[in-house]
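Participant: Got structure.cif for you, mmCIF, C-alpha atoms:
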```
data_model
loop_
_atom_site.label_atom_id
_atom_site.label_comp_id
_atom_site.auth_asym_id
_atom_site.auth_seq_id
_atom_site.Cartn_x
_atom_site.Cartn_y
_atom_site.Cartn_z
CA MET A 748 93.24 99.21 -117.86
CA ALA A 749 91.14 102.28 -117.06
CA VAL A 750 88.96 100.29 -114.66
CA VAL A 751 92.01 99.14 -112.67
CA GLU A 752 93.37 102.71 -112.56
CA GLU A 753 89.97 103.97 -111.39
CA SER A 754 89.89 101.28 -108.67
CA ALA A 755 93.42 102.19 -107.58
CA GLY A 756 92.34 105.82 -107.21
CA GLU A 757 89.31 104.79 -105.18
CA ALA A 758 91.48 102.61 -102.93
CA ALA A 759 93.93 105.47 -102.37
CA THR A 760 91.09 107.84 -101.48
CA ILE A 761 89.65 105.41 -98.93
CA ALA A 762 93.13 104.80 -97.48
CA GLU A 763 93.53 108.56 -96.99
CA GLN A 764 90.19 108.63 -95.14
CA ILE A 765 91.37 105.76 -92.94
CA ALA A 766 94.60 107.64 -92.22
CA GLY A 767 92.70 110.74 -91.13
CA LEU A 768 90.29 108.81 -88.94
CA ALA A 769 92.98 106.67 -87.32
CA ARG A 770 95.12 109.71 -86.52
CA GLU A 771 92.14 111.70 -85.25
CA LYS A 772 91.06 108.88 -82.95
CA GLY A 773 94.56 107.80 -81.92
CA LEU A 774 94.06 104.25 -83.16
CA THR A 775 96.42 101.81 -84.83
CA VAL A 776 95.56 99.50 -87.72
CA ALA A 777 96.92 96.15 -88.97
CA VAL A 778 96.06 93.83 -91.85
CA ALA A 779 96.05 90.08 -92.48
CA GLU A 780 95.80 89.20 -96.14
CA SER A 781 95.52 86.05 -98.19
CA LEU A 782 93.66 86.67 -101.45
CA THR A 783 94.80 90.30 -101.71
CA SER A 784 98.49 89.40 -101.24
CA GLY A 785 99.51 92.65 -99.58
CA GLY A 786 97.35 94.98 -101.64
CA ILE A 787 95.58 96.39 -98.60
CA ALA A 788 98.84 96.94 -96.73
CA SER A 789 100.41 98.71 -99.71
CA ARG A 790 97.46 101.11 -99.92
CA LEU A 791 97.57 101.84 -96.19
CA GLY A 792 101.34 102.19 -96.16
CA ALA A 793 101.12 104.82 -98.89
CA ALA A 794 98.53 106.87 -96.97
CA PRO A 795 99.48 110.02 -95.04
CA GLU A 796 101.58 109.57 -91.89
CA ALA A 797 101.22 105.78 -92.04
CA SER A 798 104.08 105.30 -89.58
CA SER A 799 101.97 106.90 -86.85
CA TRP A 800 98.92 104.60 -87.17
CA PHE A 801 99.67 101.58 -89.43
CA THR A 802 101.39 98.81 -87.46
CA GLY A 803 101.85 96.44 -90.41
CA GLY A 804 100.47 93.16 -91.54
CA VAL A 805 100.86 89.53 -92.47
CA VAL A 806 100.43 88.12 -95.95
CA ALA A 807 99.36 84.56 -95.20
CA TYR A 808 98.66 83.08 -98.60
CA ALA A 809 99.42 79.48 -97.63
CA SER A 810 96.96 77.82 -95.27
CA GLU A 811 99.78 76.64 -93.04
CA VAL A 812 100.87 80.25 -92.47
CA LYS A 813 97.34 81.14 -91.41
CA PHE A 814 97.40 78.26 -88.93
CA THR A 815 100.90 78.72 -87.48
CA VAL A 816 101.40 82.49 -87.62
CA LEU A 817 97.88 83.90 -87.21
CA GLY A 818 96.40 81.19 -84.99
CA VAL A 819 93.64 80.17 -87.39
CA GLU A 820 92.11 76.81 -86.49
CA PRO A 821 93.14 74.16 -89.05
CA GLY A 822 90.43 73.47 -91.60
CA PRO A 823 88.89 75.29 -94.54
CA VAL A 824 90.27 78.80 -95.05
CA VAL A 825 87.67 80.27 -97.37
CA THR A 826 85.26 80.96 -94.51
CA ALA A 827 83.97 83.79 -92.36
CA GLN A 828 85.50 82.08 -89.32
CA CYS A 829 88.95 82.09 -90.93
CA ALA A 830 88.70 85.80 -91.79
CA ALA A 831 87.71 86.64 -88.21
CA GLN A 832 90.53 84.54 -86.75
CA MET A 833 93.03 86.15 -89.14
CA ALA A 834 91.94 89.63 -88.00
CA ARG A 835 92.22 88.70 -84.33
CA GLY A 836 95.57 87.01 -84.92
CA VAL A 837 97.21 89.97 -86.65
CA ALA A 838 95.85 92.39 -84.04
CA ARG A 839 97.41 90.23 -81.35
CA LEU A 840 100.75 89.97 -83.20
CA THR A 841 101.06 93.69 -83.91
CA GLY A 842 99.26 95.17 -80.90
CA ALA A 843 96.92 97.08 -83.23
CA ASP A 844 93.62 98.53 -82.06
CA LEU A 845 91.88 97.50 -85.29
CA ALA A 846 92.60 94.83 -87.86
CA VAL A 847 91.13 93.90 -91.20
CA ALA A 848 91.55 90.47 -92.79
CA VAL A 849 90.68 89.02 -96.19
CA THR A 850 90.50 85.46 -97.46
CA GLY A 851 88.80 84.06 -100.54
CA VAL A 852 88.95 82.58 -104.01
CA GLY A 853 90.36 84.79 -106.75
CA GLY A 854 89.83 82.22 -109.46
CA PRO A 855 89.71 81.37 -112.19
CA GLY A 856 88.17 78.21 -110.75
CA PRO A 857 86.49 77.29 -107.46
CA ASP A 858 88.33 76.31 -104.27
CA GLU A 859 87.09 74.56 -101.12
CA GLY A 860 83.64 74.30 -102.69
CA GLN A 861 83.41 78.09 -103.08
CA PRO A 862 83.09 79.68 -106.52
CA ALA A 863 85.69 82.09 -107.86
CA GLY A 864 85.06 85.60 -106.59
CA THR A 865 83.99 84.50 -103.11
CA VAL A 866 85.59 86.76 -100.50
CA PHE A 867 85.29 86.85 -96.72
CA LEU A 868 86.53 89.87 -94.86
CA ALA A 869 86.58 90.73 -91.19
CA VAL A 870 87.29 93.84 -89.17
CA SER A 871 88.14 93.31 -85.52
CA SER A 872 88.32 96.11 -82.99
CA GLY A 873 88.91 93.97 -79.93
CA SER A 874 85.45 94.41 -78.46
CA GLU A 875 83.60 94.08 -81.78
CA GLU A 876 83.94 92.07 -84.92
CA GLN A 877 82.26 92.48 -88.27
CA VAL A 878 82.45 89.78 -90.91
CA ALA A 879 81.07 90.02 -94.44
CA GLN A 880 80.88 87.76 -97.46
CA HIS A 881 81.15 89.16 -100.97
CA ARG A 882 80.94 87.66 -104.44
CA PHE A 883 82.87 89.58 -107.08
CA ASP A 884 82.77 88.96 -110.82
CA GLY A 885 85.78 89.12 -113.08
CA ALA A 886 89.21 87.70 -113.68
CA PRO A 887 91.48 87.14 -110.67
CA PRO A 888 93.14 90.59 -110.82
CA ARG A 889 89.73 92.26 -110.77
CA VAL A 890 88.54 90.13 -107.84
CA VAL A 891 91.68 91.04 -105.89
CA GLU A 892 91.22 94.76 -106.58
CA LEU A 893 87.53 94.68 -105.60
CA ALA A 894 88.34 92.72 -102.44
CA THR A 895 90.99 95.31 -101.54
CA ILE A 896 88.51 98.15 -101.95
CA ALA A 897 85.83 96.29 -99.97
CA ALA A 898 88.26 95.69 -97.10
CA LEU A 899 89.31 99.34 -97.04
CA GLN A 900 85.66 100.44 -97.08
CA ALA A 901 84.83 98.08 -94.20
CA LEU A 902 87.77 99.37 -92.18
CA SER A 903 86.77 102.99 -92.85
CA THR A 904 83.18 102.29 -91.82
CA VAL A 905 84.28 100.79 -88.50
CA LEU A 906 86.64 103.71 -87.85
CA VAL A 907 83.77 106.16 -88.36
CA THR A 908 81.64 104.39 -85.75
CA ILE A 909 84.31 104.03 -83.04
#
```
Mind converting the file's structure to structure tokens?

Facilitator:
Amino acid sequence: MAVVEESAGEAATIAEQIAGLAREKGLTVAVAESLTSGGIASRLGAAPEASSWFTGGVVAYASEVKFTVLGVEPGPVVTAQCAAQMARGVARLTGADLAVAVTGVGGPGPDEGQPAGTVFLAVSSGSEEQVAQHRFDGAPPRVVELATIAALQALSTVLVTI
């Protein structure tokens, strides 16, 4: 339990940094989540003055929602391409300047030929896109928490460089 509480504190700290950077730079942020099921959005929504910079997000757990709502091309969804398309799709839907998206396999078993703990995340800023693959160890709740933190860190990193 202490590890999850420690991770939650880390996520909250990063979300506060994102809030400060987004406000300072006058940018808006959106999220598209599958594996993390709204965990990233809940962290951002709890950050300071979220209503001024956080436009919202889409939890697209089912593949069909990714295809129909976010404009992801039908096919495998545990891919870098899917994460990038999710980020672009939610930015388009919400009018956000930046978007982060996460898709992957929480476990306990593999999916789409990818082992449990495989996570793809993308940050799209309109003109640039960064996509990363991670492999996290642990039970599904731990993978979800680590994926949430990784997505927040990636978003913070992009905000620093803009």

Participant: With the file shown as input, list the residues that the PyMOL selection byres ((chain A and resi 761) around 8) selects, as JSON, numbers by chain.

Facilitator: {"A": [757, 758, 759, 760, 762, 763, 764, 765, 896, 899, 900, 903]}

Participant: Given the choices A:Ala809, A:Ala838, A:Leu845, A:Ala831, which gets closest to A:Leu868 if the distance is worked out from all atoms listed in the file?

Facilitator: A:Ala831

Participant: Can you tell me, as an NGL selection string, what residues are no more than 9 Å from A:Ser781 when counting only C-alpha atoms, ignoring any on the same chain fewer than 6 positions away?

Facilitator: :A and (805-810 or 813 or 848-851)

Participant: Please report as JSON lines every residue of stretch 784-832 of chain A lying within 12 Å of stretch 870-885 of chain A, along with the nearest atom pair and their distance in Å (one decimal), using all atoms listed in the file.

Facilitator:
```
{"residue": "A:Val825", "atom": "CA", "partner": "A:Gln880", "partner_atom": "CA", "distance": 10.1}
{"residue": "A:Thr826", "atom": "CA", "partner": "A:Gln880", "partner_atom": "CA", "distance": 8.6}
{"residue": "A:Ala827", "atom": "CA", "partner": "A:Val878", "partner_atom": "CA", "distance": 6.3}
{"residue": "A:Gln828", "atom": "CA", "partner": "A:Val878", "partner_atom": "CA", "distance": 8.4}
{"residue": "A:Cys829", "atom": "CA", "partner": "A:Val878", "partner_atom": "CA", "distance": 10.1}
{"residue": "A:Ala830", "atom": "CA", "partner": "A:Val878", "partner_atom": "CA", "distance": 7.5}
{"residue": "A:Ala831", "atom": "CA", "partner": "A:Val878", "partner_atom": "CA", "distance": 6.7}
{"residue": "A:Gln832", "atom": "CA", "partner": "A:Ser871", "partner_atom": "CA", "distance": 9.2}
```

Participant: Which of these, A:Arg835, A:Glu796, A:Val866, A:Glu892, has the shortest distance to A:Gly756 once you count all atoms listed in the file?

Facilitator: A:Glu892

Participant: From the set A:Ala901, A:Ser799, A:Leu840, A:Pro823, which residue has the shortest atom-to-atom contact distance to A:Glu771, counting only C-alpha atoms?

Facilitator: A:Ser799

Participant: What does the structure give for the distance between atom CA of A:Ala869 and atom CA of A:Ala846, in Å to one decimal?

Facilitator: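 Between atom CA of A:Ala869 and atom CA of A:Ala846 the gap is 8.0 Å.
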
Participant: Pick out the closest residue to A:Val778 from this set: A:Pro795, A:Gly842, A:Phe814, A:Glu820. Count only C-alpha atoms.

Facilitator: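 Smallest separation from A:Val778 among the options: A:Gly842.
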
Participant: When the PyMOL selection byres ((chain A and resi 909) around 10) is applied to the structure above, which residues does it catch, written out as an mmCIF file with C-alpha atoms, in the coordinates of the input?

Facilitator:
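Okay, selection.cif is ready:
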```cif
data_model
loop_
_atom_site.group_PDB
_atom_site.id
_atom_site.type_symbol
_atom_site.label_atom_id
_atom_site.label_comp_id
_atom_site.auth_asym_id
_atom_site.auth_seq_id
_atom_site.Cartn_x
_atom_site.Cartn_y
_atom_site.Cartn_z
ATOM 1 C CA LEU A 768 90.290 108.810 -88.940
ATOM 2 C CA LYS A 772 91.060 108.880 -82.950
ATOM 3 C CA LEU A 774 94.060 104.250 -83.160
ATOM 4 C CA SER A 872 88.320 96.110 -82.990
ATOM 5 C CA THR A 904 83.180 102.290 -91.820
ATOM 6 C CA VAL A 905 84.280 100.790 -88.500
ATOM 7 C CA LEU A 906 86.640 103.710 -87.850
ATOM 8 C CA VAL A 907 83.770 106.160 -88.360
ATOM 9 C CA THR A 908 81.640 104.390 -85.750
#
```

Participant: Pick the closest to A:Phe867 from A:Ala797, A:Val819, A:Ile787, A:Ala898: which is it, counting all atoms listed in the file?

Facilitator: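 Closest candidate: A:Ala898.
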
Participant: Considering all atoms listed in the file, can you say which of A:Ala788, A:Val891, A:Ala897, A:Met833 comes closest to A:Val852?

Facilitator: A:Val891

Participant: One decimal, in Å: what's the spacing between atom CA of A:Thr802 and atom CA of A:Gly818?

Facilitator: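 Distance between the two atoms: 18.5 Å.
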
Participant: Hey, can you check how far atom CA of A:Gly785 sits from atom CA of A:Arg839?

Facilitator: 18.5 Å

Participant: Quick one: everything within 8 Å of A:Gly804, counting all atoms listed in the file, minus sequence neighbours fewer than 5 positions away in the same chain. Send it as an MDAnalysis selection string.

Facilitator: chainID A and resid 777:780 788 837 841
